[in-house]
Amino acid sequence: MSESKELSNWLDHLLTELEGIEVRRKSSRRLRVDIEADALPALLELLRGRASYVHLSAISCVDWPNDNQFELVYHVWSYEMQSLVSAHTRIARDPGVYISVYDIYTPAAFFERDIHEMFGIYFEGSPDMSKFILTEWDGPPPMRRDFDSEAWVNDHFDFQDYQPDWLRDIVANGGGIAVRPDEQRFSRRDLQHQERKAINQDQAGDGADGSPTESS
């Protein structure tokens, strides 16, 4: 039996110490664990303390409004075992409160702060729940699926036709980043070629005295 297989079997056996847990092996290096919310901290302590999963890669969140739930996924990595465990748990969308795992994984503070800002989940015990990206935002958490971004814009902003002279000049000359998608974008070489072609046509159409020539 290979060493990686032995480690996998050992981890599977270790996880049986927890009740109400569902384990699915996604690949030789990826394990999915579904667990009740109140048991998740114990799982993380087990993985970190006895299974060398010392690196918290991320905490992600999925909004399930039809189920009135949030799904939190804790991704932890073991350098020793070279494998990733993704622990999935669900909490009630209302009130949207969960316990911080900052005491187990210090980097959790950053991820919890981000999820609080984007989804509105409050993590009890987290050292900082203040805004750090949407500092001037006073609307609802924007990553919730029931947030209507178009309606928010229509309710809070006035639309105007913004066509300054410099923008019209760019569009008229067929270049620059302000060209509309439905207009052809020309490179500098294309523009120079068209300019030379126009000059040649003008010269071909003039007589020696500068007057237009007549065709027979």
# chains A, B, ... in the order shown; residues from 1 in each chain; ligands from 1

$ residues_around --residues "stretch 82-87 of chain A" --least-positions-apart "4" --cutoff "8 Å" --atoms "only C-alpha atoms" --output "list in words"
Ser28, Arg29, Arg30, Leu31, Arg32, Val33, Asp34, Ile35, Leu40, Val73, Tyr74, His75, Val76, Trp77 and Ser78 of chain A

$ residues_around --residues "A:Gly20" --least-positions-apart "2" --cutoff "12 Å" --atoms "only C-alpha atoms" --output "list in words"
Leu15, Thr16, Glu17, Leu18, Glu22, Val23, Val33, Asp34, Ile35, Glu36, Ala37, Asp38, Ala39, Leu40, Leu43 and Thr89 of chain A

$ select_by_dssp --residues "stretch 45-194 of chain A" --states "strand (DSSP E or B)" --output "ChimeraX atom specification"
/A:55-64,69-78,83-92,97-99,122-124

$ closest_atom_pairs --of "stretch 141-180 of chain A" --to "stretch 105-120 of chain A" --cutoff "8 Å" --atoms "only C-alpha atoms" --output "JSON lines"
{"residue": "A:Pro141", "atom": "CA", "partner": "A:Met118", "partner_atom": "CA", "distance": 4.9}
{"residue": "A:Pro142", "atom": "CA", "partner": "A:Met118", "partner_atom": "CA", "distance": 5.6}
{"residue": "A:Met143", "atom": "CA", "partner": "A:Met118", "partner_atom": "CA", "distance": 5.2}
{"residue": "A:Arg144", "atom": "CA", "partner": "A:Phe119", "partner_atom": "CA", "distance": 5.6}

$ atom_distance --atom1 "atom CA of A:Tyr98" --atom2 "atom CA of A:Pro41"
10.8 Å
